[in-house]
file my_file07.txt (compact mmCIF, C-alpha atoms)
# COMPACT_ATOMS: atom_id res chain seq x y z
CA MET N 22 95.22 79.94 -31.97
CA LYS N 23 95.66 78.57 -28.45
CA ASN N 24 91.92 78.10 -28.21
CA THR N 25 91.86 76.15 -31.49
CA PHE N 26 94.76 73.98 -30.33
CA GLY N 27 92.98 73.35 -27.04
CA LYS N 28 89.82 72.20 -28.82
CA LEU N 29 91.85 69.93 -31.09
CA ALA N 30 93.68 68.40 -28.12
CA ALA N 31 90.38 67.83 -26.33
CA ALA N 32 88.91 66.17 -29.41
CA LEU N 33 91.94 63.89 -29.77
CA PHE N 34 91.74 63.00 -26.09
CA ALA N 35 88.06 62.13 -26.39
CA LEU N 36 88.78 60.01 -29.44
CA ALA N 37 91.51 58.17 -27.53
CA LEU N 38 89.03 57.31 -24.81
CA VAL N 39 86.84 55.33 -27.21
CA SER N 40 89.57 53.85 -29.37
CA PRO N 41 90.30 50.09 -29.32
CA ALA N 42 93.66 50.75 -27.69
CA ALA N 43 91.96 52.55 -24.84
CA THR N 44 89.21 49.98 -24.33
CA ALA N 45 91.90 47.30 -24.15
CA GLU N 46 92.94 48.93 -20.85
CA SER N 47 89.91 47.30 -19.21
CA LYS N 48 91.37 44.42 -17.23
CA VAL N 49 89.38 41.40 -16.08
CA THR N 50 90.62 38.40 -14.09
CA ILE N 51 88.82 35.17 -14.92
CA ALA N 52 89.13 32.24 -12.49
CA VAL N 53 88.93 28.95 -14.42
CA GLY N 54 87.79 25.82 -12.61
CA GLY N 55 90.47 23.58 -14.18
CA GLY N 56 91.88 24.91 -17.45
CA ALA N 57 93.10 21.55 -18.77
CA CYS N 58 89.54 20.23 -18.84
CA LEU N 59 87.97 20.34 -22.30
CA CYS N 60 84.74 21.60 -20.74
CA TYR N 61 86.53 24.95 -20.23
CA LEU N 62 88.34 24.99 -23.58
CA PRO N 63 86.37 27.91 -25.11
CA THR N 64 87.67 30.27 -22.42
CA VAL N 65 91.29 29.19 -22.86
CA LEU N 66 90.96 29.18 -26.65
CA ALA N 67 89.50 32.69 -26.65
CA LYS N 68 92.72 33.84 -24.98
CA GLN N 69 94.86 31.85 -27.43
CA LEU N 70 93.04 33.29 -30.46
CA GLY N 71 93.33 36.84 -29.15
CA GLU N 72 89.54 37.23 -29.09
CA PHE N 73 89.54 38.99 -25.71
CA ASP N 74 92.05 41.53 -27.03
CA LYS N 75 89.99 42.04 -30.19
CA ALA N 76 86.93 42.68 -28.04
CA GLY N 77 88.84 45.35 -26.12
CA VAL N 78 89.42 43.65 -22.78
CA ASN N 79 92.69 42.58 -21.17
CA VAL N 80 92.00 39.17 -19.62
CA ASP N 81 94.13 37.38 -17.07
CA LEU N 82 93.22 33.68 -16.73
CA VAL N 83 93.85 32.11 -13.32
CA ASP N 84 93.78 28.31 -13.39
CA LEU N 85 92.39 26.70 -10.23
CA LYS N 86 91.73 23.10 -9.16
CA GLY N 87 87.94 23.11 -9.41
CA GLY N 88 84.81 25.18 -9.89
CA SER N 89 84.33 25.72 -6.16
CA ASP N 90 87.81 27.24 -5.91
CA ALA N 91 87.09 29.53 -8.87
CA LEU N 92 83.84 30.61 -7.21
CA LYS N 93 85.66 31.35 -3.94
CA ALA N 94 88.11 33.54 -5.86
CA VAL N 95 85.29 35.71 -7.21
CA LEU N 96 83.36 35.86 -3.94
CA GLY N 97 86.60 36.70 -2.15
CA GLY N 98 87.47 39.47 -4.61
CA SER N 99 90.68 38.02 -6.09
CA ALA N 100 88.98 37.42 -9.46
CA ASP N 101 86.17 39.18 -11.33
CA VAL N 102 84.53 36.40 -13.33
CA VAL N 103 84.24 32.61 -13.07
CA SER N 104 84.65 30.29 -16.03
CA GLY N 105 82.81 27.40 -14.46
CA TYR N 106 79.58 25.48 -14.30
CA PHE N 107 76.30 27.39 -14.29
CA ASP N 108 74.85 25.20 -11.52
CA HIS N 109 76.81 27.23 -8.94
CA CYS N 110 74.60 30.22 -9.78
CA VAL N 111 71.53 28.19 -8.81
CA ASN N 112 73.12 26.69 -5.70
CA LEU N 113 74.27 30.09 -4.40
CA ALA N 114 70.83 31.62 -5.02
CA ALA N 115 69.58 29.40 -2.20
CA LYS N 116 72.09 31.19 0.06
CA LYS N 117 70.87 34.62 -1.07
CA GLN N 118 74.03 35.28 -3.10
CA GLN N 119 73.07 36.47 -6.57
CA LEU N 120 75.33 35.24 -9.34
CA VAL N 121 74.51 35.80 -12.99
CA SER N 122 75.64 33.75 -15.97
CA PHE N 123 75.94 35.88 -19.12
CA VAL N 124 77.32 33.55 -21.82
CA VAL N 125 77.09 29.74 -21.94
CA TYR N 126 79.64 27.71 -23.87
CA ASP N 127 78.69 24.10 -22.94
CA ARG N 128 75.33 22.69 -24.05
CA TYR N 129 75.95 19.58 -21.92
CA PRO N 130 77.99 19.19 -18.72
CA GLY N 131 80.31 16.41 -19.98
CA LEU N 132 80.51 14.85 -16.51
CA VAL N 133 81.33 11.13 -16.41
CA LEU N 134 81.17 8.79 -13.40
CA VAL N 135 83.93 6.23 -13.90
CA VAL N 136 84.99 3.17 -11.88
CA SER N 137 88.67 2.79 -11.02
CA PRO N 138 90.18 -0.02 -13.17
CA SER N 139 91.25 -1.95 -10.05
CA HIS N 140 87.73 -1.87 -8.58
CA THR N 141 85.70 -2.93 -11.60
CA ALA N 142 84.82 -6.34 -10.13
CA GLU N 143 83.17 -4.92 -7.02
CA ILE N 144 81.47 -1.81 -8.46
CA LYS N 145 78.90 -2.54 -11.14
CA SER N 146 76.34 0.21 -10.47
CA VAL N 147 75.93 3.54 -8.69
CA LYS N 148 74.40 1.69 -5.72
CA ASP N 149 77.73 -0.06 -5.14
CA LEU N 150 79.36 3.28 -4.31
CA ALA N 151 77.95 3.37 -0.77
CA GLY N 152 80.88 3.45 1.62
CA LYS N 153 83.38 3.91 -1.24
CA LYS N 154 85.92 6.67 -1.89
CA VAL N 155 84.86 8.71 -4.91
CA GLY N 156 87.07 11.37 -6.47
CA VAL N 157 85.75 14.79 -7.48
CA SER N 158 87.63 17.84 -8.74
CA ALA N 159 87.13 19.57 -5.39
CA PRO N 160 84.47 19.25 -2.67
CA GLY N 161 81.60 21.59 -3.45
CA SER N 162 82.36 21.62 -7.19
CA SER N 163 79.96 20.57 -9.94
CA THR N 164 81.58 17.13 -10.00
CA ASP N 165 80.59 16.77 -6.33
CA PHE N 166 77.01 17.97 -7.03
CA PHE N 167 76.74 15.47 -9.87
CA LEU N 168 77.85 12.59 -7.63
CA LYS N 169 75.36 13.51 -4.92
CA TYR N 170 72.57 13.79 -7.49
CA LEU N 171 73.32 10.31 -8.86
CA LEU N 172 73.49 8.79 -5.36
CA LYS N 173 70.11 10.31 -4.45
CA LYS N 174 68.62 9.26 -7.80
CA ASN N 175 69.67 5.68 -7.08
CA GLY N 176 68.12 5.59 -3.64
CA LEU N 177 71.25 6.31 -1.61
CA ASP N 178 72.03 8.99 0.94
CA PRO N 179 73.99 11.71 -0.95
CA ALA N 180 76.56 11.53 1.87
CA SER N 181 76.97 7.75 1.64
CA ALA N 182 80.20 7.97 -0.40
CA ALA N 183 83.40 9.55 0.88
CA VAL N 184 84.27 12.51 -1.37
CA ILE N 185 87.97 12.98 -2.19
CA GLY N 186 89.31 16.02 -4.08
CA VAL N 187 91.62 14.84 -6.88
CA GLY N 188 91.49 17.68 -9.41
CA LEU N 189 90.54 17.18 -13.06
CA GLY N 190 93.71 16.42 -15.01
CA ALA N 191 96.76 14.23 -14.47
CA THR N 192 96.19 14.04 -10.70
CA ALA N 193 92.74 12.51 -11.23
CA VAL N 194 94.05 10.01 -13.78
CA ALA N 195 96.90 9.00 -11.45
CA ALA N 196 94.52 8.54 -8.49
CA MET N 197 92.36 6.25 -10.63
CA GLU N 198 95.27 4.26 -12.06
CA GLN N 199 96.83 3.72 -8.65
CA GLY N 200 93.53 2.69 -7.03
CA GLN N 201 93.70 5.48 -4.45
CA ILE N 202 89.99 5.98 -5.03
CA ASP N 203 87.25 3.53 -6.00
CA ALA N 204 85.60 5.74 -8.62
CA ALA N 205 85.61 9.34 -9.78
CA VAL N 206 83.57 11.98 -11.55
CA MET N 207 85.82 13.01 -14.42
CA LEU N 208 85.76 15.05 -17.63
CA ASP N 209 87.59 14.86 -20.92
CA PRO N 210 90.38 14.59 -21.85
CA SER N 211 90.97 12.54 -18.67
CA VAL N 212 88.18 10.04 -19.43
CA THR N 213 89.48 9.36 -22.93
CA VAL N 214 93.05 9.06 -21.58
CA LEU N 215 91.89 6.38 -19.13
CA GLN N 216 89.86 4.59 -21.81
CA GLY N 217 92.95 4.52 -24.01
CA LYS N 218 94.83 2.66 -21.29
CA PHE N 219 91.92 0.56 -20.04
CA PRO N 220 89.54 -0.33 -22.92
CA ASP N 221 87.16 -2.10 -20.50
CA LEU N 222 86.81 0.97 -18.29
CA ARG N 223 83.41 0.89 -16.58
CA ILE N 224 81.31 4.03 -16.97
CA LEU N 225 78.32 4.36 -14.65
CA ALA N 226 76.98 7.70 -15.94
CA ASP N 227 77.93 9.86 -18.92
CA THR N 228 76.75 13.33 -19.96
CA ARG N 229 79.01 14.02 -22.93
CA THR N 230 76.21 13.75 -25.51
CA GLN N 231 72.65 15.01 -25.82
CA LYS N 232 71.27 11.46 -25.62
CA ASP N 233 73.15 10.62 -22.43
CA THR N 234 72.38 13.99 -20.87
CA LEU N 235 68.66 13.55 -21.51
CA ALA N 236 68.82 10.02 -20.06
CA THR N 237 70.58 11.29 -16.91
CA PHE N 238 68.73 14.53 -16.23
CA GLY N 239 65.54 14.26 -18.26
CA GLY N 240 66.44 17.41 -20.21
CA GLU N 241 69.35 19.44 -21.56
CA TYR N 242 71.62 20.63 -18.79
CA PRO N 243 73.98 23.59 -19.38
CA GLY N 244 77.56 23.15 -18.24
CA GLY N 245 80.35 25.73 -18.53
CA ALA N 246 79.57 29.44 -18.62
CA LEU N 247 81.03 32.80 -17.70
CA TYR N 248 79.35 34.24 -14.63
CA SER N 249 79.93 36.75 -11.88
CA THR N 250 78.09 38.49 -9.10
CA ALA N 251 75.04 40.45 -10.17
CA ALA N 252 76.70 43.59 -8.78
CA TRP N 253 79.83 43.12 -10.90
CA VAL N 254 77.84 42.51 -14.09
CA ALA N 255 75.65 45.56 -13.46
CA GLY N 256 78.70 47.73 -12.76
CA HIS N 257 80.82 46.42 -15.65
CA GLU N 258 78.47 46.14 -18.62
CA LYS N 259 81.18 47.17 -21.11
CA GLU N 260 83.54 44.44 -19.89
CA THR N 261 80.73 41.88 -19.70
CA GLN N 262 79.78 42.65 -23.30
CA ALA N 263 83.41 42.36 -24.42
CA LEU N 264 83.80 38.96 -22.72
CA THR N 265 80.56 37.78 -24.33
CA ASN N 266 81.67 38.97 -27.77
CA ALA N 267 84.95 37.07 -27.37
CA ILE N 268 83.33 33.79 -26.31
CA VAL N 269 80.67 33.91 -29.05
CA ALA N 270 83.39 34.60 -31.63
CA THR N 271 85.40 31.67 -30.26
CA LEU N 272 82.41 29.32 -30.42
CA ALA N 273 81.90 30.31 -34.06
CA TRP N 274 85.59 29.66 -34.71
CA ILE N 275 85.41 26.20 -33.10
CA HIS N 276 82.41 25.15 -35.19
CA GLY N 277 84.07 26.49 -38.33
CA HIS N 278 87.31 24.54 -37.87
CA SER N 279 88.48 20.97 -37.45
CA ALA N 280 89.43 19.36 -34.15
CA GLU N 281 93.01 19.36 -35.44
CA ASP N 282 92.84 23.14 -35.94
CA VAL N 283 91.51 23.62 -32.41
CA MET N 284 94.21 21.41 -30.90
CA ALA N 285 96.92 23.33 -32.76
CA LYS N 286 95.85 26.53 -30.99
CA MET N 287 95.84 25.10 -27.47
CA PRO N 288 98.82 25.43 -25.09
CA GLU N 289 101.24 22.50 -25.36
CA GLU N 290 101.08 21.78 -21.64
CA MET N 291 97.30 21.31 -21.88
CA VAL N 292 97.47 19.04 -24.93
CA GLY N 293 100.04 16.83 -23.23
CA LYS N 294 102.37 14.24 -24.69
CA ASP N 295 99.73 11.94 -26.18
CA LYS N 296 98.29 14.16 -28.89
CA GLN N 297 96.22 11.38 -30.46
CA LEU N 298 94.33 10.74 -27.25
CA TYR N 299 93.78 14.47 -26.75
CA LEU N 300 92.51 14.74 -30.32
CA ALA N 301 90.13 11.81 -29.80
CA ALA N 302 88.78 13.44 -26.65
CA LEU N 303 88.41 16.77 -28.46
CA LYS N 304 86.45 15.17 -31.30
CA ASN N 305 84.10 13.67 -28.70
CA THR N 306 83.73 17.03 -26.97
CA ILE N 307 83.20 19.54 -29.80
CA PRO N 308 79.48 18.70 -30.24
CA MET N 309 79.09 19.64 -26.58
CA TYR N 310 80.02 23.28 -27.24
CA SER N 311 77.22 25.76 -27.77
CA GLU N 312 76.81 27.40 -31.16
CA THR N 313 74.97 30.41 -29.76
CA GLY N 314 76.27 31.26 -26.30
CA LYS N 315 72.67 31.51 -25.13
CA MET N 316 71.15 29.95 -22.06
CA ASP N 317 68.15 27.74 -22.82
CA PRO N 318 65.64 28.64 -20.06
CA LYS N 319 64.52 24.98 -20.00
CA GLY N 320 68.11 23.99 -19.29
CA ALA N 321 68.25 26.41 -16.36
CA ASP N 322 64.98 24.92 -15.10
CA ALA N 323 66.54 21.44 -15.32
CA VAL N 324 69.48 22.57 -13.16
CA LEU N 325 67.06 23.92 -10.55
CA ALA N 326 65.08 20.67 -10.62
CA VAL N 327 68.22 18.57 -10.11
CA PHE N 328 69.43 20.70 -7.20
CA SER N 329 65.97 20.80 -5.64
CA GLU N 330 65.99 17.00 -5.60
CA GLY N 331 69.45 16.73 -4.08
CA SER N 332 69.53 19.75 -1.77
CA PRO N 333 66.82 20.55 0.81
CA ASP N 334 68.16 24.13 1.01
CA VAL N 335 67.58 24.69 -2.72
CA ALA N 336 64.19 22.95 -2.65
CA LYS N 337 62.81 25.28 0.03
CA ALA N 338 64.51 28.47 -1.17
CA ASN N 339 61.83 29.40 -3.74
CA ILE N 340 64.48 30.40 -6.28
CA ASP N 341 63.56 32.49 -9.32
CA VAL N 342 65.94 30.77 -11.74
CA SER N 343 65.41 33.48 -14.38
CA LYS N 344 67.52 35.80 -12.20
CA THR N 345 70.52 33.44 -12.36
CA PHE N 346 71.24 34.13 -16.03
CA THR N 347 70.81 36.71 -18.75
CA ASN N 348 70.88 36.44 -22.55
CA LYS N 349 71.02 40.23 -22.92
CA PHE N 350 74.70 40.37 -23.77
CA VAL N 351 74.56 37.51 -26.29
CA ASP N 352 71.61 39.25 -27.95
CA GLN N 353 73.76 42.39 -28.23
CA VAL N 354 76.69 40.63 -29.96
CA LYS N 355 75.52 41.42 -33.50
CA LYS N 356 74.90 45.06 -32.62
CA THR N 357 78.34 45.52 -31.07
CA THR N 358 80.43 43.43 -33.48
CA GLY N 359 78.34 42.89 -36.61
CA MET N 360 78.68 39.15 -36.00
CA ASN N 361 75.52 37.09 -35.73
CA ALA N 362 75.17 34.70 -32.81
CA LYS N 363 73.14 31.82 -34.22

call {"tool": "encode", "arguments": {"input": "my_file07.txt", "output": "structure tokens"}}
result
Amino acid sequence: MKNTFGKLAAALFALALVSPAATAESKVTIAVGGGACLCYLPTVLAKQLGEFDKAGVNVDLVDLKGGSDALKAVLGGSADVVSGYFDHCVNLAAKKQQLVSFVVYDRYPGLVLVVSPSHTAEIKSVKDLAGKKVGVSAPGSSTDFFLKYLLKKNGLDPASAAVIGVGLGATAVAAMEQGQIDAAVMLDPSVTVLQGKFPDLRILADTRTQKDTLATFGGEYPGGALYSTAAWVAGHEKETQALTNAIVATLAWIHGHSAEDVMAKMPEEMVGKDKQLYLAALKNTIPMYSETGKMDPKGADAVLAVFSEGSPDVAKANIDVSKTFTNKFVDQVKKTTGMNAK
């Protein structure tokens, strides 16, 4: 009898190990490079919808000022995964640090180079930014890379503008309104907020649509993604798969609902007081979100090409860009959840 009871207890224990309740014990800390930015909305929304819990992973979101800060958190060991721009994976490969993106949620980067309303008269083109103060989310972030790329593309030294870290949300808008900086690389909803207050706002470069992205980069250019060190991904395949399942499910939810539905699920503090402006920005942004979660290899090649042009270190590093991302986990979504990633 004792033997039978022992076998039953062992069976129940084994069952508990694979049950949803048990898998939910897996805890992952995700560092977000500016949670209020719509470019990172799928990660925040996945938490709001409970998709991480459904996938069996307990996620703690840590909101930081910019993508470079989120990257430092992962490299320093205080976070497991970055919700940030894929281009960091390429940039770090030149420094022999292998980072791997495993699910992409932005088809386009959504970066916008905007002139401060009080400096419109003197700044009419990118070339006029030489010697000017230009705001970015944080030095070393994707906003900074984008600025340097545009300066180089327009025949200027990438270091010819003074880079000032102003964040991505209200701090960036305030710095622009008060003329503390001459221009800034911004993202929605901040761009739409500024346009609402200054209808004649001058935009020097815009990558919120496919057309504008192609005009700027010459190809599609992936933006936000979940990525981590290659070692973490290899050692945490179950968690990586769960995170991928959650993001793909969230992308499907976004494309199956209205902008109003999406806004209703977002935290009040991120929507802000002016809901109409946030909604307008959201409507502009939704086409930017991926429907598949997959990395387009041509997009990854475009990121490498851009960085090779702007960074001598990347150009001479002989990077194998195929090692900076994987579609393996997105391809497994249907097998693990029954849901089809388009």

call {"tool": "closest_atom_pairs", "arguments": {"input": "my_file07.txt", "of": "stretch 55-103 of chain N", "to": "stretch 271-275 of chain N", "cutoff": "8 Å", "atoms": "only C-alpha atoms", "output": "JSON lines"}}
result
{"residue": "N:Pro63", "atom": "CA", "partner": "N:Thr271", "partner_atom": "CA", "distance": 6.4}
{"residue": "N:Leu66", "atom": "CA", "partner": "N:Thr271", "partner_atom": "CA", "distance": 7.1}
{"residue": "N:Ala67", "atom": "CA", "partner": "N:Thr271", "partner_atom": "CA", "distance": 5.6}
{"residue": "N:Leu70", "atom": "CA", "partner": "N:Thr271", "partner_atom": "CA", "distance": 7.8}
{"residue": "N:Glu72", "atom": "CA", "partner": "N:Thr271", "partner_atom": "CA", "distance": 7.0}

call {"tool": "write_last_selection", "arguments": {"input": "my_file07.txt", "atoms": "C-alpha atoms", "output": "mmCIF file, in the coordinates of the input"}}
result
data_model
loop_
_atom_site.group_PDB
_atom_site.id
_atom_site.type_symbol
_atom_site.label_atom_id
_atom_site.label_comp_id
_atom_site.auth_asym_id
_atom_site.auth_seq_id
_atom_site.Cartn_x
_atom_site.Cartn_y
_atom_site.Cartn_z
ATOM 1 C CA PRO N 63 86.370 27.910 -25.110
ATOM 2 C CA LEU N 66 90.960 29.180 -26.650
ATOM 3 C CA ALA N 67 89.500 32.690 -26.650
ATOM 4 C CA LEU N 70 93.040 33.290 -30.460
ATOM 5 C CA GLU N 72 89.540 37.230 -29.090
#

call {"tool": "atom_distance", "arguments": {"input": "my_file07.txt", "atom1": "atom CA of N:Tyr170", "atom2": "atom CA of N:Glu330"}}
result
7.6 Å

call {"tool": "closest_residue", "arguments": {"input": "my_file07.txt", "among": "N:Ser162, N:Ser279, N:Gln69, N:Thr250", "to": "N:Val187", "atoms": "only C-alpha atoms"}}
result
N:Ser162

call {"tool": "atom_distance", "arguments": {"input": "my_file07.txt", "atom1": "atom CA of N:Leu208", "atom2": "atom CA of N:Lys116"}}
result
27.6 Å

call {"tool": "atom_distance", "arguments": {"input": "my_file07.txt", "atom1": "atom CA of N:Val125", "atom2": "atom CA of N:Ser311"}}
result
7.1 Å

call {"tool": "residues_around", "arguments": {"input": "my_file07.txt", "residues": "N:Leu92", "least_positions_apart": "2", "cutoff": "12 Å", "atoms": "all atoms listed in the file", "output": "ChimeraX atom specification"}}
result
/N:51-55,83-90,94-110,112-113,118,120,159,161-163,247-250

call {"tool": "closest_residue", "arguments": {"input": "my_file07.txt", "among": "N:Glu143, N:Asp233, N:Glu241, N:Asp295", "to": "N:Thr213", "atoms": "only C-alpha atoms"}}
result
N:Asp295

call {"tool": "residues_around", "arguments": {"input": "my_file07.txt", "residues": "N:Val206", "least_positions_apart": "5", "cutoff": "7 Å", "atoms": "all atoms listed in the file", "output": "list in words"}}
result
Leu132, Val133, Leu134, Val135, Gly156, Val157, Thr164 and Leu168 of chain N

call {"tool": "closest_residue", "arguments": {"input": "my_file07.txt", "among": "N:Lys173, N:Lys218, N:Lys344, N:Lys319", "to": "N:Val111", "atoms": "all atoms listed in the file"}}
result
N:Lys344

call {"tool": "closest_residue", "arguments": {"input": "my_file07.txt", "among": "N:Glu312, N:Asp317, N:Asp221, N:Glu258", "to": "N:Gly240", "atoms": "all atoms listed in the file"}}
result
N:Asp317

call {"tool": "closest_residue", "arguments": {"input": "my_file07.txt", "among": "N:Val335, N:Ala267, N:Leu235, N:Ala191", "to": "N:Gly320", "atoms": "all atoms listed in the file"}}
result
N:Leu235

call {"tool": "closest_residue", "arguments": {"input": "my_file07.txt", "among": "N:Leu303, N:Ala57, N:Ala280, N:Met316", "to": "N:Val351", "atoms": "all atoms listed in the file"}}
result
N:Met316

call {"tool": "axis_aligned_box", "arguments": {"input": "my_file07.txt", "around": "stretch 320-324 of chain N", "padding_each_side": "3 Å", "output": "AutoDock Vina command-line options"}}
result
--center_x 67.2 --center_y 23.9 --center_z -16.2 --size_x 10.5 --size_y 11.0 --size_z 12.1

call {"tool": "residues_around", "arguments": {"input": "my_file07.txt", "residues": "N:Lys169", "least_positions_apart": "5", "cutoff": "10 Å", "atoms": "all atoms listed in the file", "output": "PyMOL selection string"}}
result
chain N and resi 163-164+174-175+177-182+184+328+331-332

call {"tool": "residues_near_point", "arguments": {"input": "my_file07.txt", "point": "(66.4, 35.6, -12.1)", "cutoff": "12 Å", "atoms": "all atoms listed in the file", "output": "list of chain:residue names"}}
result
N:Cys110, N:Val111, N:Ala114, N:Lys117, N:Gln118, N:Gln119, N:Leu120, N:Val121, N:Ser122, N:Phe123, N:Ala251, N:Pro318, N:Ala321, N:Asp322, N:Leu325, N:Asn339, N:Ile340, N:Asp341, N:Val342, N:Ser343, N:Lys344, N:Thr345, N:Phe346, N:Thr347, N:Asn348

call {"tool": "build_atoms", "arguments": {"input": "my_file07.txt", "residues": "stretch 139-156 of chain N", "atoms": "N, CA and C atoms", "output": "PDB file, keeping the file's coordinate frame"}}
result
ATOM      1  N   SER N 139      90.976  -0.878 -11.027  1.00  0.00           N
ATOM      2  CA  SER N 139      91.250  -1.950 -10.050  1.00  0.00           C
ATOM      3  C   SER N 139      90.052  -2.304  -9.186  1.00  0.00           C
ATOM      4  N   HIS N 140      88.931  -1.600  -9.384  1.00  0.00           N
ATOM      5  CA  HIS N 140      87.730  -1.870  -8.580  1.00  0.00           C
ATOM      6  C   HIS N 140      86.528  -2.259  -9.432  1.00  0.00           C
ATOM      7  N   THR N 141      86.792  -2.599 -10.679  1.00  0.00           N
ATOM      8  CA  THR N 141      85.700  -2.930 -11.600  1.00  0.00           C
ATOM      9  C   THR N 141      84.874  -4.116 -11.126  1.00  0.00           C
ATOM     10  N   ALA N 142      85.526  -5.113 -10.535  1.00  0.00           N
ATOM     11  CA  ALA N 142      84.820  -6.340 -10.130  1.00  0.00           C
ATOM     12  C   ALA N 142      83.787  -6.081  -9.050  1.00  0.00           C
ATOM     13  N   GLU N 143      84.078  -5.122  -8.152  1.00  0.00           N
ATOM     14  CA  GLU N 143      83.170  -4.920  -7.020  1.00  0.00           C
ATOM     15  C   GLU N 143      82.159  -3.795  -7.227  1.00  0.00           C
ATOM     16  N   ILE N 144      82.390  -2.934  -8.221  1.00  0.00           N
ATOM     17  CA  ILE N 144      81.470  -1.810  -8.460  1.00  0.00           C
ATOM     18  C   ILE N 144      80.852  -1.949  -9.846  1.00  0.00           C
ATOM     19  N   LYS N 145      79.595  -2.330  -9.856  1.00  0.00           N
ATOM     20  CA  LYS N 145      78.900  -2.540 -11.140  1.00  0.00           C
ATOM     21  C   LYS N 145      77.785  -1.531 -11.377  1.00  0.00           C
ATOM     22  N   SER N 146      77.410  -0.787 -10.331  1.00  0.00           N
ATOM     23  CA  SER N 146      76.340   0.210 -10.470  1.00  0.00           C
ATOM     24  C   SER N 146      76.576   1.331  -9.470  1.00  0.00           C
ATOM     25  N   VAL N 147      75.819   2.397  -9.603  1.00  0.00           N
ATOM     26  CA  VAL N 147      75.930   3.540  -8.690  1.00  0.00           C
ATOM     27  C   VAL N 147      75.659   3.096  -7.250  1.00  0.00           C
ATOM     28  N   LYS N 148      74.743   2.149  -7.064  1.00  0.00           N
ATOM     29  CA  LYS N 148      74.400   1.690  -5.720  1.00  0.00           C
ATOM     30  C   LYS N 148      75.583   1.067  -4.996  1.00  0.00           C
ATOM     31  N   ASP N 149      76.540   0.561  -5.750  1.00  0.00           N
ATOM     32  CA  ASP N 149      77.730  -0.060  -5.140  1.00  0.00           C
ATOM     33  C   ASP N 149      78.724   0.959  -4.602  1.00  0.00           C
ATOM     34  N   LEU N 150      78.433   2.244  -4.772  1.00  0.00           N
ATOM     35  CA  LEU N 150      79.360   3.280  -4.310  1.00  0.00           C
ATOM     36  C   LEU N 150      79.182   3.629  -2.839  1.00  0.00           C
ATOM     37  N   ALA N 151      78.153   3.096  -2.193  1.00  0.00           N
ATOM     38  CA  ALA N 151      77.950   3.370  -0.770  1.00  0.00           C
ATOM     39  C   ALA N 151      79.167   2.899   0.020  1.00  0.00           C
ATOM     40  N   GLY N 152      79.719   3.792   0.819  1.00  0.00           N
ATOM     41  CA  GLY N 152      80.880   3.450   1.620  1.00  0.00           C
ATOM     42  C   GLY N 152      82.203   3.495   0.863  1.00  0.00           C
ATOM     43  N   LYS N 153      82.168   3.865  -0.418  1.00  0.00           N
ATOM     44  CA  LYS N 153      83.380   3.910  -1.240  1.00  0.00           C
ATOM     45  C   LYS N 153      83.975   5.319  -1.278  1.00  0.00           C
ATOM     46  N   LYS N 154      85.244   5.377  -1.695  1.00  0.00           N
ATOM     47  CA  LYS N 154      85.920   6.670  -1.890  1.00  0.00           C
ATOM     48  C   LYS N 154      85.762   7.089  -3.343  1.00  0.00           C
ATOM     49  N   VAL N 155      85.125   8.243  -3.550  1.00  0.00           N
ATOM     50  CA  VAL N 155      84.860   8.710  -4.910  1.00  0.00           C
ATOM     51  C   VAL N 155      85.539  10.062  -5.126  1.00  0.00           C
ATOM     52  N   GLY N 156      86.351  10.137  -6.169  1.00  0.00           N
ATOM     53  CA  GLY N 156      87.070  11.370  -6.470  1.00  0.00           C
ATOM     54  C   GLY N 156      86.195  12.397  -7.165  1.00  0.00           C
TER      55      GLY N 156
END
